[in-house]
Amino acid sequence: MRVGTFVLAAQFPGQGQGEALHRAVRSAEVAEESGLDAVWLAEHHFVPYGVCPSAVTLAALLLGRTRRIRVGTAVSVLPTAHPVALGEQAALLHLTSGGRFSLGVGRGGPWVDLEVFGAGLAAYETGFADSLDLLLDWLRRPSVAGRSQRYSFREVPVVPRPDELIGGPERPEVIVACTSPGSVRLAGERGLPMLLGMHCGDEEKAEMVALWRRSALAAGRAPEEVATAGHVSAGVAQIGRSAAEAGETLLKSMPGWFRQGLDAHMTVDGRARVMRDPVAYTELLCRLHPVGPPRLAADRLAATAERTGIRRFALLTEGSGDLTATEENVRRLGEDVLPLLG
């Protein structure tokens with residue numbers, strides 16, 4: 001079982017953006033001190049839901065401040081980034097960190113980001129597969145040419161080459177955030193592990209893993225590759241003396257954050273949005289994930305692993321919105337929960 005944190009750099013009501021980023025950095029440092037496996041960094045633009053606009057930039061900072069822990073993006077939004085530029089950054093972090101970097105990519109949403117960065121709605125609606133394939137080519141070949149309608153360029157050498165890491169994996173791990181059957185099939189066909197969201201329960205995640213396996217095998221992926229895919233399950237962790245105490249901590253803070261952060265999203269084309277009820281959503285997260293005393297938290301993680309086959313976790317630990325409480329929560333996750341998982 002490999003347990004890590006999921007860092008959104010969430011700006012809670014009444015807080016400044018610098019405060020949110022300081023808490024994000026400090027929680028990652030404490031995660032390494034507490035023996036956790038990884039830190040996964042979210043990326044958002046123009047909203048207080050998360051104030052980190054570049055997950056790869058924050059990953060570079062944290063890789064420089066740590067020595068052991070894996071640092072990954074969860075995710076870098078591919079439609080608003082050039083795949084070659086992202087591939088260059090991933091190769092650089094892979095080589096300079098000794099192979100501790102994971103590149104998580106996702107399709108994002110139909111947000112105003114597409115307008116600001118000039119990508120256009122088509123990059124979100126139909127362009128994700130082409131962008132992903134160009135990124136994978138960059139990380140796997142010595143030279144690459146762009147041959148799609150969106151990316152057309154002459155063959156150029158890959159510099160730096162990720163396969164020149166001495167004594168480590170040939171390339172950085174690439175993970176795909178999946179929220180629909182189409183993205184699950186895409187990840188399976190490419191043989192890429194999935195990052196599954198914290199809004200999903202175990203039954204839904206198990207169905208997505210099963211679809212991924214069918215898609216991967218149908219695409220000719222080796223059975224042993226399919227069986228050992230390192231999918232990641234996102235969730236929420238709040239460790240307390242009881243489930244009631246831990247849940248109360250989150251219910252005091254997370255609904256206000258959800259309301260402020262999610263309401264700030266603007267669609268690029270004015271399409272209607274359906275918002276979750278912030279209190280009901282927080283209550284759902286408390287029921288699905290390790291929110292409670294250490295034994296309950298460990299049992300829920302073990303149950304998810306048994307039901308879904310997923311043994312890697314990215315857990316949001318900043319749900320209290322408080323720096324000191326977040327640090328303590330991360331420590332308890334590492335020191336009190338991990339030993340119970342064996």
# chains A, B, ... in the order shown; residues from 1 in each chain; ligands from 1

call {"tool": "residues_around", "arguments": {"residues": "Pro339 in chain A", "least_positions_apart": "5", "cutoff": "10 Å", "atoms": "only C-alpha atoms", "output": "list of chain:residue names"}}
result
A:Pro294, A:Ala298, A:Leu333, A:Gly334

call {"tool": "select_by_dssp", "arguments": {"residues": "range 213-283 of chain A", "states": "helix (DSSP H, G or I)", "output": "MDAnalysis selection string"}}
result
chainID A and resid 213:218 223:227 243:263 278:283

call {"tool": "select_by_dssp", "arguments": {"residues": "range 112-318 of chain A", "states": "strand (DSSP E)", "output": "PDB file with N, CA and C atoms, in the first residue's frame"}}
result
ATOM      1  N   SER A 143      13.827  11.620 -31.283  1.00  0.00           N
ATOM      2  CA  SER A 143      13.436  12.807 -32.037  1.00  0.00           C
ATOM      3  C   SER A 143      11.963  12.681 -32.400  1.00  0.00           C
ATOM      4  N   VAL A 144      11.316  13.825 -32.584  1.00  0.00           N
ATOM      5  CA  VAL A 144       9.862  13.825 -32.780  1.00  0.00           C
ATOM      6  C   VAL A 144       9.486  14.888 -33.801  1.00  0.00           C
ATOM      7  N   ALA A 145       8.493  14.575 -34.635  1.00  0.00           N
ATOM      8  CA  ALA A 145       7.888  15.543 -35.542  1.00  0.00           C
ATOM      9  C   ALA A 145       6.402  15.655 -35.217  1.00  0.00           C
ATOM     10  N   GLY A 146       5.848  16.839 -35.421  1.00  0.00           N
ATOM     11  CA  GLY A 146       4.416  17.045 -35.220  1.00  0.00           C
ATOM     12  C   GLY A 146       3.674  16.834 -36.517  1.00  0.00           C
ATOM     13  N   ARG A 147       2.704  15.912 -36.516  1.00  0.00           N
ATOM     14  CA  ARG A 147       2.020  15.571 -37.755  1.00  0.00           C
ATOM     15  C   ARG A 147       0.499  15.645 -37.632  1.00  0.00           C
ATOM     16  N   SER A 152       1.940  20.826 -35.907  1.00  0.00           N
ATOM     17  CA  SER A 152       2.651  20.480 -37.138  1.00  0.00           C
ATOM     18  C   SER A 152       4.021  21.155 -37.124  1.00  0.00           C
ATOM     19  N   PHE A 153       5.077  20.318 -37.037  1.00  0.00           N
ATOM     20  CA  PHE A 153       6.428  20.870 -37.030  1.00  0.00           C
ATOM     21  C   PHE A 153       7.406  19.810 -37.525  1.00  0.00           C
ATOM     22  N   ARG A 154       8.547  20.281 -38.020  1.00  0.00           N
ATOM     23  CA  ARG A 154       9.583  19.389 -38.533  1.00  0.00           C
ATOM     24  C   ARG A 154      10.172  18.541 -37.407  1.00  0.00           C
ATOM     25  N   GLU A 155      10.856  17.494 -37.745  1.00  0.00           N
ATOM     26  CA  GLU A 155      11.459  16.614 -36.743  1.00  0.00           C
ATOM     27  C   GLU A 155      12.571  17.351 -36.001  1.00  0.00           C
ATOM     28  N   VAL A 156      12.519  17.260 -34.676  1.00  0.00           N
ATOM     29  CA  VAL A 156      13.514  17.918 -33.828  1.00  0.00           C
ATOM     30  C   VAL A 156      14.007  16.915 -32.792  1.00  0.00           C
ATOM     31  N   PRO A 157      15.236  17.080 -32.320  1.00  0.00           N
ATOM     32  CA  PRO A 157      15.755  16.154 -31.305  1.00  0.00           C
ATOM     33  C   PRO A 157      15.141  16.420 -29.935  1.00  0.00           C
ATOM     34  N   GLU A 173       7.010   8.418 -15.057  1.00  0.00           N
ATOM     35  CA  GLU A 173       5.689   7.810 -15.069  1.00  0.00           C
ATOM     36  C   GLU A 173       4.667   8.827 -15.573  1.00  0.00           C
ATOM     37  N   VAL A 174       3.753   8.373 -16.436  1.00  0.00           N
ATOM     38  CA  VAL A 174       2.659   9.210 -16.921  1.00  0.00           C
ATOM     39  C   VAL A 174       1.341   8.585 -16.482  1.00  0.00           C
ATOM     40  N   ILE A 175       0.493   9.382 -15.858  1.00  0.00           N
ATOM     41  CA  ILE A 175      -0.802   8.936 -15.350  1.00  0.00           C
ATOM     42  C   ILE A 175      -1.883   9.825 -15.958  1.00  0.00           C
ATOM     43  N   VAL A 176      -3.059   9.255 -16.232  1.00  0.00           N
ATOM     44  CA  VAL A 176      -4.152  10.005 -16.840  1.00  0.00           C
ATOM     45  C   VAL A 176      -5.322  10.092 -15.865  1.00  0.00           C
ATOM     46  N   ALA A 177      -5.783  11.312 -15.597  1.00  0.00           N
ATOM     47  CA  ALA A 177      -6.995  11.498 -14.797  1.00  0.00           C
ATOM     48  C   ALA A 177      -8.191  11.075 -15.633  1.00  0.00           C
ATOM     49  N   CYS A 178      -9.013  10.175 -15.091  1.00  0.00           N
ATOM     50  CA  CYS A 178     -10.137   9.617 -15.842  1.00  0.00           C
ATOM     51  C   CYS A 178     -11.450   9.873 -15.112  1.00  0.00           C
ATOM     52  N   MET A 194      -4.408   5.079 -14.259  1.00  0.00           N
ATOM     53  CA  MET A 194      -5.419   6.116 -14.068  1.00  0.00           C
ATOM     54  C   MET A 194      -5.293   6.783 -12.705  1.00  0.00           C
ATOM     55  N   LEU A 195      -5.688   8.051 -12.652  1.00  0.00           N
ATOM     56  CA  LEU A 195      -5.975   8.748 -11.402  1.00  0.00           C
ATOM     57  C   LEU A 195      -7.481   8.906 -11.344  1.00  0.00           C
ATOM     58  N   LEU A 196      -8.117   8.343 -10.306  1.00  0.00           N
ATOM     59  CA  LEU A 196      -9.565   8.373 -10.174  1.00  0.00           C
ATOM     60  C   LEU A 196      -9.956   9.311  -9.049  1.00  0.00           C
ATOM     61  N   VAL A 232      -4.127   5.184  -9.239  1.00  0.00           N
ATOM     62  CA  VAL A 232      -4.119   5.997  -8.022  1.00  0.00           C
ATOM     63  C   VAL A 232      -5.552   6.421  -7.696  1.00  0.00           C
ATOM     64  N   SER A 233      -5.943   6.240  -6.449  1.00  0.00           N
ATOM     65  CA  SER A 233      -7.270   6.634  -5.983  1.00  0.00           C
ATOM     66  C   SER A 233      -7.165   7.903  -5.156  1.00  0.00           C
ATOM     67  N   ALA A 234      -7.830   8.971  -5.589  1.00  0.00           N
ATOM     68  CA  ALA A 234      -7.857  10.218  -4.825  1.00  0.00           C
ATOM     69  C   ALA A 234      -8.957  10.149  -3.774  1.00  0.00           C
ATOM     70  N   GLY A 235      -8.698  10.797  -2.649  1.00  0.00           N
ATOM     71  CA  GLY A 235      -9.675  10.812  -1.565  1.00  0.00           C
ATOM     72  C   GLY A 235      -9.387  11.924  -0.588  1.00  0.00           C
ATOM     73  N   VAL A 236     -10.062  11.865   0.535  1.00  0.00           N
ATOM     74  CA  VAL A 236      -9.887  12.827   1.624  1.00  0.00           C
ATOM     75  C   VAL A 236      -9.489  12.055   2.870  1.00  0.00           C
ATOM     76  N   GLN A 238      -8.915  12.721   7.066  1.00  0.00           N
ATOM     77  CA  GLN A 238      -8.907  13.574   8.259  1.00  0.00           C
ATOM     78  C   GLN A 238      -8.888  12.643   9.461  1.00  0.00           C
ATOM     79  N   ILE A 239      -7.779  12.642  10.169  1.00  0.00           N
ATOM     80  CA  ILE A 239      -7.609  11.719  11.290  1.00  0.00           C
ATOM     81  C   ILE A 239      -7.961  12.427  12.586  1.00  0.00           C
ATOM     82  N   VAL A 291     -11.866   9.152   7.057  1.00  0.00           N
ATOM     83  CA  VAL A 291     -12.179  10.282   7.932  1.00  0.00           C
ATOM     84  C   VAL A 291     -12.615   9.697   9.267  1.00  0.00           C
ATOM     85  N   GLY A 292     -11.739   9.783  10.268  1.00  0.00           N
ATOM     86  CA  GLY A 292     -12.041   9.200  11.563  1.00  0.00           C
ATOM     87  C   GLY A 292     -10.764   8.809  12.290  1.00  0.00           C
ATOM     88  N   ARG A 312      -2.580   2.520  -4.511  1.00  0.00           N
ATOM     89  CA  ARG A 312      -1.925   3.819  -4.359  1.00  0.00           C
ATOM     90  C   ARG A 312      -3.005   4.865  -4.086  1.00  0.00           C
ATOM     91  N   PHE A 313      -2.716   5.758  -3.139  1.00  0.00           N
ATOM     92  CA  PHE A 313      -3.714   6.733  -2.720  1.00  0.00           C
ATOM     93  C   PHE A 313      -3.120   8.135  -2.698  1.00  0.00           C
ATOM     94  N   ALA A 314      -3.935   9.089  -3.125  1.00  0.00           N
ATOM     95  CA  ALA A 314      -3.605  10.513  -3.032  1.00  0.00           C
ATOM     96  C   ALA A 314      -4.703  11.168  -2.204  1.00  0.00           C
ATOM     97  N   LEU A 315      -4.379  11.520  -0.969  1.00  0.00           N
ATOM     98  CA  LEU A 315      -5.396  11.918   0.005  1.00  0.00           C
ATOM     99  C   LEU A 315      -5.282  13.394   0.358  1.00  0.00           C
ATOM    100  N   LEU A 316      -6.394  14.114   0.186  1.00  0.00           N
ATOM    101  CA  LEU A 316      -6.464  15.520   0.562  1.00  0.00           C
ATOM    102  C   LEU A 316      -6.410  15.638   2.081  1.00  0.00           C
TER     103      LEU A 316
END

call {"tool": "closest_residue", "arguments": {"among": "A:Pro53, A:Gln17, A:Pro172, A:Gly64", "to": "Ala91 in chain A", "atoms": "only C-alpha atoms"}}
result
A:Pro172

call {"tool": "residues_around", "arguments": {"residues": "Val51 in chain A", "least_positions_apart": "2", "cutoff": "10 Å", "atoms": "only C-alpha atoms", "output": "list in words"}}
result
Leu8, Ala9, Ala10, Gln11, Gly16, Gln17, Gly18, Ala20, Leu21, Ala24, Ala42, Glu43, His44, His45, Phe46, Val47, Pro48, Tyr49, Pro53, Ser54 and Gly261 of chain A

call {"tool": "write_last_selection", "arguments": {"atoms": "all heavy atoms", "output": "short mmCIF file (atom, residue, chain, number, x, y, z; two decimals), in the first residue's frame"}}
result
data_model
loop_
_atom_site.label_atom_id
_atom_site.label_comp_id
_atom_site.auth_asym_id
_atom_site.auth_seq_id
_atom_site.Cartn_x
_atom_site.Cartn_y
_atom_site.Cartn_z
N LEU A 8 -4.07 20.62 -3.07
CA LEU A 8 -4.76 21.54 -3.97
C LEU A 8 -4.34 22.99 -3.79
O LEU A 8 -4.68 23.83 -4.60
CB LEU A 8 -6.28 21.44 -3.78
CG LEU A 8 -6.96 20.32 -4.57
CD1 LEU A 8 -6.86 18.99 -3.85
CD2 LEU A 8 -8.41 20.67 -4.84
N ALA A 9 -3.61 23.32 -2.72
CA ALA A 9 -3.33 24.72 -2.38
C ALA A 9 -4.65 25.48 -2.32
O ALA A 9 -4.81 26.54 -2.93
CB ALA A 9 -2.36 25.35 -3.38
N ALA A 10 -5.58 24.95 -1.55
CA ALA A 10 -6.93 25.50 -1.47
C ALA A 10 -6.93 26.82 -0.70
O ALA A 10 -6.33 26.92 0.38
CB ALA A 10 -7.84 24.49 -0.78
N GLN A 11 -7.61 27.80 -1.26
CA GLN A 11 -7.78 29.09 -0.59
C GLN A 11 -9.14 29.09 0.10
O GLN A 11 -10.18 29.21 -0.55
CB GLN A 11 -7.67 30.24 -1.58
CG GLN A 11 -7.77 31.61 -0.93
CD GLN A 11 -7.76 32.74 -1.95
OE1 GLN A 11 -7.67 32.50 -3.15
NE2 GLN A 11 -7.85 33.97 -1.47
N GLY A 16 -5.52 34.38 2.40
CA GLY A 16 -4.82 34.91 1.24
C GLY A 16 -4.23 33.79 0.41
O GLY A 16 -4.10 32.65 0.86
N GLN A 17 -3.87 34.11 -0.82
CA GLN A 17 -3.30 33.12 -1.72
C GLN A 17 -1.92 32.66 -1.27
O GLN A 17 -1.58 31.48 -1.38
CB GLN A 17 -3.26 33.69 -3.14
CG GLN A 17 -4.65 33.97 -3.68
CD GLN A 17 -4.67 34.90 -4.86
OE1 GLN A 17 -3.62 35.31 -5.36
NE2 GLN A 17 -5.87 35.27 -5.32
N GLY A 18 -1.13 33.57 -0.74
CA GLY A 18 0.18 33.19 -0.22
C GLY A 18 0.07 32.23 0.95
O GLY A 18 0.88 31.31 1.08
N ALA A 20 -2.33 30.04 1.38
CA ALA A 20 -2.68 28.74 0.82
C ALA A 20 -1.46 28.04 0.24
O ALA A 20 -1.27 26.83 0.44
CB ALA A 20 -3.75 28.91 -0.26
N LEU A 21 -0.60 28.77 -0.44
CA LEU A 21 0.59 28.16 -1.03
C LEU A 21 1.60 27.75 0.04
O LEU A 21 2.26 26.71 -0.07
CB LEU A 21 1.22 29.13 -2.02
CG LEU A 21 0.44 29.32 -3.33
CD1 LEU A 21 0.97 30.50 -4.11
CD2 LEU A 21 0.48 28.05 -4.18
N ALA A 24 0.47 24.54 1.42
CA ALA A 24 0.72 23.46 0.47
C ALA A 24 2.16 22.98 0.54
O ALA A 24 2.45 21.78 0.59
CB ALA A 24 0.38 23.93 -0.95
N ALA A 42 -2.24 19.55 -7.52
CA ALA A 42 -3.29 19.97 -8.45
C ALA A 42 -2.91 21.28 -9.13
O ALA A 42 -2.03 22.01 -8.67
CB ALA A 42 -4.61 20.12 -7.71
N GLU A 43 -3.61 21.57 -10.22
CA GLU A 43 -3.37 22.78 -11.01
C GLU A 43 -4.71 23.41 -11.38
O GLU A 43 -5.60 22.73 -11.90
CB GLU A 43 -2.58 22.41 -12.27
CG GLU A 43 -2.37 23.55 -13.26
CD GLU A 43 -1.54 23.09 -14.45
OE1 GLU A 43 -0.36 22.73 -14.23
OE2 GLU A 43 -2.07 23.07 -15.58
N HIS A 44 -4.84 24.69 -11.07
CA HIS A 44 -6.06 25.43 -11.43
C HIS A 44 -5.69 26.84 -11.86
O HIS A 44 -4.63 27.35 -11.48
CB HIS A 44 -7.04 25.49 -10.25
CG HIS A 44 -7.55 24.16 -9.82
ND1 HIS A 44 -6.89 23.37 -8.89
CD2 HIS A 44 -8.66 23.47 -10.21
CE1 HIS A 44 -7.58 22.24 -8.72
NE2 HIS A 44 -8.64 22.27 -9.50
N HIS A 45 -6.59 27.47 -12.62
CA HIS A 45 -6.35 28.84 -13.07
C HIS A 45 -7.54 29.73 -12.69
O HIS A 45 -8.70 29.33 -12.89
CB HIS A 45 -6.16 28.88 -14.59
CG HIS A 45 -4.97 28.12 -15.07
ND1 HIS A 45 -3.69 28.62 -14.99
CD2 HIS A 45 -4.86 26.89 -15.62
CE1 HIS A 45 -2.84 27.74 -15.49
NE2 HIS A 45 -3.52 26.67 -15.87
N PHE A 46 -7.23 30.88 -12.13
CA PHE A 46 -8.19 31.97 -11.94
C PHE A 46 -9.27 31.70 -10.91
O PHE A 46 -10.28 32.41 -10.87
CB PHE A 46 -8.86 32.34 -13.29
CG PHE A 46 -7.94 32.29 -14.47
CD1 PHE A 46 -8.26 31.53 -15.59
CD2 PHE A 46 -6.75 33.00 -14.48
CE1 PHE A 46 -7.41 31.47 -16.69
CE2 PHE A 46 -5.89 32.95 -15.57
CZ PHE A 46 -6.22 32.18 -16.67
N VAL A 47 -9.10 30.69 -10.05
CA VAL A 47 -10.12 30.36 -9.05
C VAL A 47 -9.46 30.08 -7.70
O VAL A 47 -8.35 29.54 -7.65
CB VAL A 47 -10.97 29.14 -9.48
CG1 VAL A 47 -11.83 29.46 -10.68
CG2 VAL A 47 -10.10 27.93 -9.75
N PRO A 48 -10.14 30.41 -6.59
CA PRO A 48 -9.59 30.11 -5.27
C PRO A 48 -9.74 28.65 -4.86
O PRO A 48 -9.25 28.27 -3.80
CB PRO A 48 -10.41 31.03 -4.34
CG PRO A 48 -11.70 31.21 -5.05
CD PRO A 48 -11.38 31.21 -6.51
N TYR A 49 -10.41 27.83 -5.68
CA TYR A 49 -10.50 26.40 -5.37
C TYR A 49 -9.10 25.82 -5.18
O TYR A 49 -8.87 24.99 -4.30
CB TYR A 49 -11.24 25.68 -6.49
CG TYR A 49 -11.46 24.21 -6.23
CD1 TYR A 49 -12.41 23.78 -5.31
CD2 TYR A 49 -10.73 23.24 -6.91
CE1 TYR A 49 -12.62 22.44 -5.06
CE2 TYR A 49 -10.92 21.90 -6.69
CZ TYR A 49 -11.87 21.50 -5.76
OH TYR A 49 -12.06 20.16 -5.52
N PRO A 53 -1.16 27.55 -10.22
CA PRO A 53 -1.45 27.55 -11.66
C PRO A 53 -0.51 26.66 -12.46
O PRO A 53 -0.76 26.44 -13.65
CB PRO A 53 -1.27 29.02 -12.04
CG PRO A 53 -0.18 29.49 -11.12
CD PRO A 53 -0.37 28.74 -9.82
N SER A 54 0.56 26.15 -11.85
CA SER A 54 1.52 25.32 -12.57
C SER A 54 2.01 24.21 -11.66
O SER A 54 2.89 24.41 -10.82
CB SER A 54 2.70 26.15 -13.07
OG SER A 54 3.70 25.32 -13.64
N GLY A 261 -14.88 28.35 -4.05
CA GLY A 261 -13.97 27.93 -5.11
C GLY A 261 -14.66 27.46 -6.37
O GLY A 261 -14.28 27.84 -7.48
#

call {"tool": "residues_around", "arguments": {"residues": "range 214-223 of chain A", "least_positions_apart": "2", "cutoff": "7 Å", "atoms": "only C-alpha atoms", "output": "ChimeraX atom specification"}}
result
/A:185,188-189,191,210-212,225-227

call {"tool": "write_last_selection", "arguments": {"atoms": "C-alpha atoms", "output": "JSON list (two decimals), in the first residue's frame"}}
result
[["chain", "number", "residue", "atom", "x", "y", "z"],
["A", 185, "ARG", "CA", -10.53, 3.51, -22.65],
["A", 188, "GLY", "CA", -6.14, 1.61, -21.18],
["A", 189, "GLU", "CA", -5.26, 1.57, -24.87],
["A", 191, "GLY", "CA", -1.25, 1.35, -21.13],
["A", 210, "ALA", "CA", -12.40, -3.33, -15.09],
["A", 211, "LEU", "CA", -13.08, -1.22, -18.21],
["A", 212, "TRP", "CA", -9.43, -0.13, -18.28],
["A", 225, "GLU", "CA", 1.51, -5.08, -17.64],
["A", 226, "VAL", "CA", -2.25, -4.88, -17.15],
["A", 227, "ALA", "CA", -2.13, -6.76, -13.85]]

call {"tool": "atom_distance", "arguments": {"atom1": "CA of Val116 in chain A", "atom2": "CA of Ala129 in chain A"}}
result
21.5 Å

call {"tool": "closest_residue", "arguments": {"among": "A:Glu318, A:Asp299, A:Glu29, A:Glu125", "to": "Gly50 in chain A", "atoms": "only C-alpha atoms"}}
result
A:Glu318

call {"tool": "closest_residue", "arguments": {"among": "A:Pro255, A:Leu341, A:Gly321, A:Val184", "to": "Ala303 in chain A", "atoms": "only C-alpha atoms"}}
result
A:Leu341

call {"tool": "residues_around", "arguments": {"residues": "Leu93 in chain A", "least_positions_apart": "5", "cutoff": "10 Å", "atoms": "only C-alpha atoms", "output": "PyMOL selection string"}}
result
chain A and resi 56-57+59-60+63-64+71+87-88+98-103+162+172

call {"tool": "residues_around", "arguments": {"residues": "Arg295 in chain A", "least_positions_apart": "4", "cutoff": "9 Å", "atoms": "only C-alpha atoms", "output": "PyMOL selection string"}}
result
chain A and resi 299-300+336-337+340

call {"tool": "residues_around", "arguments": {"residues": "Gly247 in chain A", "least_positions_apart": "3", "cutoff": "9 Å", "atoms": "only C-alpha atoms", "output": "list in words"}}
result
Gln238, Gly240, Ser242, Ala243, Ala244, Leu250, Leu251, Lys252, Thr282, Glu283, Cys286, Arg287, Val291 and Gly292 of chain A
